[in-house]
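For reference, upload.txt (compact mmCIF, C-alpha atoms):
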```txt
# COMPACT_ATOMS: atom_id res chain seq x y z
CA MET A 116 149.76 52.92 -6.89
CA ASP A 117 148.90 52.52 -3.19
CA GLU A 118 145.45 50.84 -2.87
CA GLU A 119 144.18 53.52 -0.49
CA LEU A 120 145.38 56.25 -2.89
CA ARG A 121 143.65 54.50 -5.81
CA SER A 122 140.38 54.29 -3.84
CA LEU A 123 140.62 57.90 -2.70
CA THR A 124 141.45 59.06 -6.23
CA GLU A 125 138.39 57.35 -7.72
CA ARG A 126 136.08 58.72 -5.01
CA LEU A 127 137.40 62.29 -5.17
CA ARG A 128 137.48 62.33 -8.99
CA GLN A 129 133.71 61.74 -8.87
CA GLU A 130 133.20 64.39 -6.17
CA SER A 131 135.19 66.94 -8.19
CA ARG A 132 133.37 65.91 -11.39
CA GLY A 133 136.77 65.32 -12.98
CA SER A 134 137.77 68.96 -12.78
CA ALA A 135 141.09 70.35 -13.97
CA ALA A 136 141.78 71.43 -10.37
CA PHE A 137 141.53 67.80 -9.29
CA ASP A 138 143.99 66.69 -11.97
CA ARG A 139 146.40 69.48 -10.98
CA LEU A 140 146.30 68.53 -7.26
CA LEU A 141 146.76 64.87 -8.10
CA ALA A 142 149.77 65.54 -10.34
CA THR A 143 151.63 68.27 -8.48
CA GLU A 144 154.82 67.48 -6.60
CA ASP A 145 154.83 70.95 -4.99
CA HIS A 146 154.12 70.47 -1.29
CA ASP A 147 153.64 74.21 -0.80
CA GLU A 148 150.85 74.18 -3.38
CA LEU A 149 149.18 71.28 -1.56
CA ALA A 150 149.60 72.95 1.83
CA GLU A 151 148.02 76.15 0.53
CA VAL A 152 144.85 74.22 -0.33
CA LEU A 153 144.53 73.34 3.37
CA THR A 154 144.44 76.99 4.48
CA ALA A 155 142.95 78.86 1.52
CA PRO A 156 139.33 79.93 1.99
CA GLY A 157 136.59 78.43 -0.16
CA GLN A 158 138.35 75.17 -1.01
CA PRO A 159 135.99 72.22 -1.54
CA LEU A 160 136.25 69.30 0.86
CA TRP A 161 137.53 66.95 -1.88
CA ALA A 162 140.46 69.31 -2.56
CA ARG A 163 141.36 69.60 1.13
CA GLU A 164 141.16 65.83 1.55
CA LEU A 165 143.35 65.14 -1.50
CA ALA A 166 145.95 67.70 -0.44
CA ALA A 167 146.04 66.46 3.17
CA PHE A 168 146.28 62.83 2.07
CA ARG A 169 149.14 63.47 -0.34
CA LEU A 170 151.04 65.57 2.22
CA GLY A 171 150.48 62.92 4.87
CA LEU A 172 151.90 60.18 2.67
CA ALA A 173 154.89 62.42 1.99
CA GLY A 174 155.49 62.92 5.73
CA ASP A 175 154.70 66.64 5.60
CA ARG A 176 153.34 67.57 9.04
CA ARG A 177 151.37 70.52 7.68
CA ALA A 178 148.69 67.92 6.93
CA PHE A 179 148.24 66.88 10.57
CA GLU A 180 145.30 69.09 11.61
CA SER A 181 143.34 68.46 8.42
CA LEU A 182 143.89 64.71 8.65
CA VAL A 183 142.71 64.64 12.27
CA LEU A 184 139.54 66.50 11.30
CA LEU A 185 138.96 64.01 8.48
CA LEU A 186 139.62 61.09 10.85
CA ASN A 187 136.58 62.23 12.81
CA HIS A 188 134.36 62.85 9.76
CA ARG A 189 130.88 61.32 9.45
CA ASP A 190 131.83 59.77 6.09
CA PRO A 191 133.68 56.44 6.70
CA PRO A 192 135.76 56.55 3.49
CA ARG A 193 137.16 59.94 4.53
CA CYS A 194 138.00 58.52 7.97
CA ALA A 195 139.73 55.51 6.43
CA SER A 196 141.83 57.66 4.09
CA ALA A 197 142.80 60.00 6.93
CA ALA A 198 143.80 57.06 9.15
CA HIS A 199 145.93 55.64 6.34
CA ALA A 200 147.74 58.96 5.83
CA LEU A 201 148.15 59.61 9.56
CA ALA A 202 149.72 56.19 10.05
CA ARG A 203 152.38 57.17 7.52
CA LEU A 204 152.79 60.81 8.51
CA GLY A 205 155.10 60.15 11.45
CA ASP A 206 153.79 63.02 13.56
CA PRO A 207 154.24 62.40 17.31
CA ARG A 208 150.86 64.03 18.02
CA THR A 209 148.95 61.39 16.07
CA ALA A 210 148.50 58.80 18.82
CA ARG A 211 147.29 61.36 21.34
CA ALA A 212 144.78 62.75 18.82
CA ALA A 213 143.54 59.28 17.86
CA ALA A 214 143.18 58.34 21.53
CA ALA A 215 141.15 61.50 22.20
CA LEU A 216 138.84 60.71 19.28
CA ALA A 217 138.47 57.03 20.19
CA THR A 218 137.51 57.80 23.78
CA ASN A 219 135.18 60.73 23.06
CA GLU A 220 131.72 59.40 23.94
CA LEU A 221 130.05 62.25 22.07
CA ARG A 222 131.68 61.04 18.83
CA VAL A 223 131.72 57.28 19.44
CA ALA A 224 129.80 56.67 16.21
CA TYR A 225 132.96 57.80 14.40
CA ALA A 226 135.50 55.98 16.62
CA LEU A 227 136.09 52.94 14.40
CA HIS A 228 138.96 54.40 12.39
CA PRO A 229 140.69 56.08 15.34
CA VAL A 230 140.59 52.70 17.12
CA ARG A 231 142.13 50.95 14.13
CA LEU A 232 144.74 53.69 13.80
CA LEU A 233 145.73 53.26 17.46
CA THR A 234 146.30 49.57 16.79
CA ASP A 235 148.48 50.36 13.78
CA LEU A 236 150.51 52.95 15.69
CA ARG A 237 151.31 50.70 18.68
CA ALA A 238 151.93 53.87 20.69
CA PRO A 239 151.93 54.17 24.49
CA GLU A 240 148.44 55.71 24.26
CA SER A 241 147.03 52.77 22.27
CA VAL A 242 146.28 50.15 24.92
CA PRO A 243 144.79 52.51 27.55
CA ALA A 244 142.55 54.17 24.94
CA LEU A 245 141.36 50.84 23.52
CA ILE A 246 140.64 49.51 27.01
CA THR A 247 138.64 52.62 27.92
CA THR A 248 136.68 52.54 24.68
CA LEU A 249 135.91 48.82 25.01
CA GLU A 250 134.83 49.14 28.65
CA ARG A 251 132.23 51.70 27.61
CA ARG A 252 130.95 49.42 24.83
CA LEU A 253 130.27 46.52 27.18
CA THR A 254 126.92 47.86 28.34
CA PRO A 255 123.65 46.12 27.43
CA ARG A 256 122.33 47.05 24.00
CA ASP A 257 125.28 49.28 23.12
CA PRO A 258 124.78 50.14 19.42
CA TYR A 259 128.49 50.45 18.58
CA ARG A 260 129.46 46.77 18.25
CA ARG A 261 131.81 47.43 15.32
CA VAL A 262 133.80 49.81 17.53
CA ALA A 263 133.84 47.23 20.33
CA LEU A 264 134.98 44.50 17.94
CA ALA A 265 137.77 46.73 16.60
CA CYS A 266 138.90 47.32 20.20
CA VAL A 267 138.93 43.59 20.95
CA GLU A 268 140.88 42.82 17.79
CA GLY A 269 143.25 45.71 18.41
CA LEU A 270 143.97 44.66 21.97
CA GLY A 271 144.70 41.15 20.74
CA ALA A 272 147.07 42.47 18.09
CA LEU A 273 148.86 44.62 20.67
CA GLY A 274 149.17 41.66 23.05
CA ASP A 275 149.43 43.76 26.20
CA PRO A 276 148.62 41.96 29.49
CA ARG A 277 146.76 45.05 30.75
CA ALA A 278 143.97 44.13 28.33
CA ARG A 279 143.31 40.72 29.88
CA ARG A 280 140.61 41.94 32.33
CA VAL A 281 138.48 43.82 29.77
CA LEU A 282 138.85 41.02 27.21
CA ASN A 283 137.61 38.54 29.82
CA GLU A 284 134.59 40.81 30.34
CA ALA A 285 134.01 40.85 26.57
CA LEU A 286 133.63 37.05 26.63
CA ALA A 287 130.15 37.56 28.11
CA HIS A 288 128.98 39.37 24.97
CA PRO A 289 128.01 36.92 22.20
CA SER A 290 128.97 39.30 19.39
CA LEU A 291 132.46 39.73 20.86
CA ALA A 292 133.15 36.36 22.49
CA GLU A 293 134.89 34.65 19.58
CA ALA A 294 137.15 37.62 18.90
CA ALA A 295 137.88 37.96 22.62
CA VAL A 296 138.98 34.31 22.79
CA ARG A 297 141.37 34.92 19.88
CA ALA A 298 142.64 38.15 21.44
CA LEU A 299 143.26 36.52 24.82
CA ALA A 300 145.21 33.74 23.12
CA ARG A 301 147.61 36.35 21.72
CA ILE A 302 148.42 37.85 25.13
CA PRO A 303 151.41 36.22 26.81
CA GLN A 304 150.57 34.36 30.00
CA PRO A 305 152.23 35.61 33.18
CA LYS A 306 155.29 33.64 34.26
CA GLU A 307 154.61 31.38 37.22
CA ALA A 308 156.84 31.79 40.23
CA THR A 309 159.07 28.80 40.91
```

If you took the structure in this file and wrote it as structure tokens, what would it be?
Amino acid sequence: MDEELRSLTERLRQESRGSAAFDRLLATEDHDELAEVLTAPGQPLWARELAAFRLGLAGDRRAFESLVLLLNHRDPPRCASAAHALARLGDPRTARAAAALATNELRVAYALHPVRLLTDLRAPESVPALITTLERRLTPRDPYRRVALACVEGLGALGDPRARRVLNEALAHPSLAEAAVRALARIPQPKEAT
């Protein structure tokens, strides 16, 4: 069993109090039944999350909107599960949605998982969104250091030369300096003219 699925299953089994509905949603192979949970009124959050996660892992794009909403949830485990499913969904809208969430200053407290998802996706939107998000985190006393650190690490993993300037700026921040050094080392140096 996928580690993220195991973790989600344990968490949602507790939320559902081990209900028969939980067991049915966990066992069903009927994607239409799972998709109906996403649109039916009165469904508990645990049921919507389980259905969206399972559909996402199966590559069923009906899960996209629900997973994006969960990616921006205040509960970090829900965000992590949504990011995991979105990374496997294969929907071309995912990177744009993650970039919008990562760069939304009104929701920056919940940007950690969208930032990590952008790194995993390696999409054209990834580097510009991570640069923008990191630039905003480089202000004095910014409370979102985990988001900033995820941006630094992500930019290093992506290895794009466009990140060099903002990573050099991150060197001035003690909580980011070590990660910025590692990230800069992963970016190819420009070729010298001969």

(message) as a count of residues only, please: the residues near A:Arg251 (cut-off 12 Å, all atoms listed in the file, same-chain neighbours under 3 positions excluded).
(response) 23

(message) Could you check the closest approach to A:Glu119 for each of A:His199, A:Val152, A:Arg169, A:Ala135 and tell me which residue wins, using only C-alpha atoms?
(response)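 Looking only at the distances to A:Glu119, the closest residue turns out to be A:His199.
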
(message) My list of candidates is A:His288, A:Arg128, A:Arg139, A:Arg208. Which is closest to A:Val183 when distances are computed with all atoms listed in the file?
(response) A:Arg208

(request) Would you kindly return, as a PyMOL selection string, each protein, DNA or RNA residue with an atom no farther than 12 Å from any atom of A:Leu233, considering only C-alpha atoms and excluding same-chain residues fewer than 3 positions away? (result) chain A and resi 186+198-199+201-202+208-218+226-230+236-246+248+265-266+268-270+272-273

Save the residues we just selected, C-alpha atoms, as a PDB file, keeping the file's coordinate frame?
```pdb
ATOM      1  CA  LEU A 186     139.620  61.090  10.850  1.00  0.00           C
ATOM      2  CA  ALA A 198     143.800  57.060   9.150  1.00  0.00           C
ATOM      3  CA  HIS A 199     145.930  55.640   6.340  1.00  0.00           C
ATOM      4  CA  LEU A 201     148.150  59.610   9.560  1.00  0.00           C
ATOM      5  CA  ALA A 202     149.720  56.190  10.050  1.00  0.00           C
ATOM      6  CA  ARG A 208     150.860  64.030  18.020  1.00  0.00           C
ATOM      7  CA  THR A 209     148.950  61.390  16.070  1.00  0.00           C
ATOM      8  CA  ALA A 210     148.500  58.800  18.820  1.00  0.00           C
ATOM      9  CA  ARG A 211     147.290  61.360  21.340  1.00  0.00           C
ATOM     10  CA  ALA A 212     144.780  62.750  18.820  1.00  0.00           C
ATOM     11  CA  ALA A 213     143.540  59.280  17.860  1.00  0.00           C
ATOM     12  CA  ALA A 214     143.180  58.340  21.530  1.00  0.00           C
ATOM     13  CA  ALA A 215     141.150  61.500  22.200  1.00  0.00           C
ATOM     14  CA  LEU A 216     138.840  60.710  19.280  1.00  0.00           C
ATOM     15  CA  ALA A 217     138.470  57.030  20.190  1.00  0.00           C
ATOM     16  CA  THR A 218     137.510  57.800  23.780  1.00  0.00           C
ATOM     17  CA  ALA A 226     135.500  55.980  16.620  1.00  0.00           C
ATOM     18  CA  LEU A 227     136.090  52.940  14.400  1.00  0.00           C
ATOM     19  CA  HIS A 228     138.960  54.400  12.390  1.00  0.00           C
ATOM     20  CA  PRO A 229     140.690  56.080  15.340  1.00  0.00           C
ATOM     21  CA  VAL A 230     140.590  52.700  17.120  1.00  0.00           C
ATOM     22  CA  LEU A 236     150.510  52.950  15.690  1.00  0.00           C
ATOM     23  CA  ARG A 237     151.310  50.700  18.680  1.00  0.00           C
ATOM     24  CA  ALA A 238     151.930  53.870  20.690  1.00  0.00           C
ATOM     25  CA  PRO A 239     151.930  54.170  24.490  1.00  0.00           C
ATOM     26  CA  GLU A 240     148.440  55.710  24.260  1.00  0.00           C
ATOM     27  CA  SER A 241     147.030  52.770  22.270  1.00  0.00           C
ATOM     28  CA  VAL A 242     146.280  50.150  24.920  1.00  0.00           C
ATOM     29  CA  PRO A 243     144.790  52.510  27.550  1.00  0.00           C
ATOM     30  CA  ALA A 244     142.550  54.170  24.940  1.00  0.00           C
ATOM     31  CA  LEU A 245     141.360  50.840  23.520  1.00  0.00           C
ATOM     32  CA  ILE A 246     140.640  49.510  27.010  1.00  0.00           C
ATOM     33  CA  THR A 248     136.680  52.540  24.680  1.00  0.00           C
ATOM     34  CA  ALA A 265     137.770  46.730  16.600  1.00  0.00           C
ATOM     35  CA  CYS A 266     138.900  47.320  20.200  1.00  0.00           C
ATOM     36  CA  GLU A 268     140.880  42.820  17.790  1.00  0.00           C
ATOM     37  CA  GLY A 269     143.250  45.710  18.410  1.00  0.00           C
ATOM     38  CA  LEU A 270     143.970  44.660  21.970  1.00  0.00           C
ATOM     39  CA  ALA A 272     147.070  42.470  18.090  1.00  0.00           C
ATOM     40  CA  LEU A 273     148.860  44.620  20.670  1.00  0.00           C
TER      41      LEU A 273
END
```

(message) Quick one: residues within 7 Å of stretch 173-175 of chain A, only C-alpha atoms, excluding same-chain residues fewer than 4 positions away - as a list of chain:residue names?
(response)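 In the requested form, the answer reads A:Arg169, A:Arg203, A:Leu204, A:Gly205.
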
(message) Report as an MDAnalysis selection string all protein, DNA and RNA residues lying within 8 Å of A:Phe168, evaluated on all atoms listed in the file, omitting residues in the same chain fewer than 6 positions from it.
(response) chainID A and resid 178 182 196:197 200

(request) For atom CA of A:Cys194 and atom CA of A:Pro207, determine how far apart the two atoms are, in Å to one decimal place. (result)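 Going from atom CA of A:Cys194 over to atom CA of A:Pro207, I get 19.1 Å.
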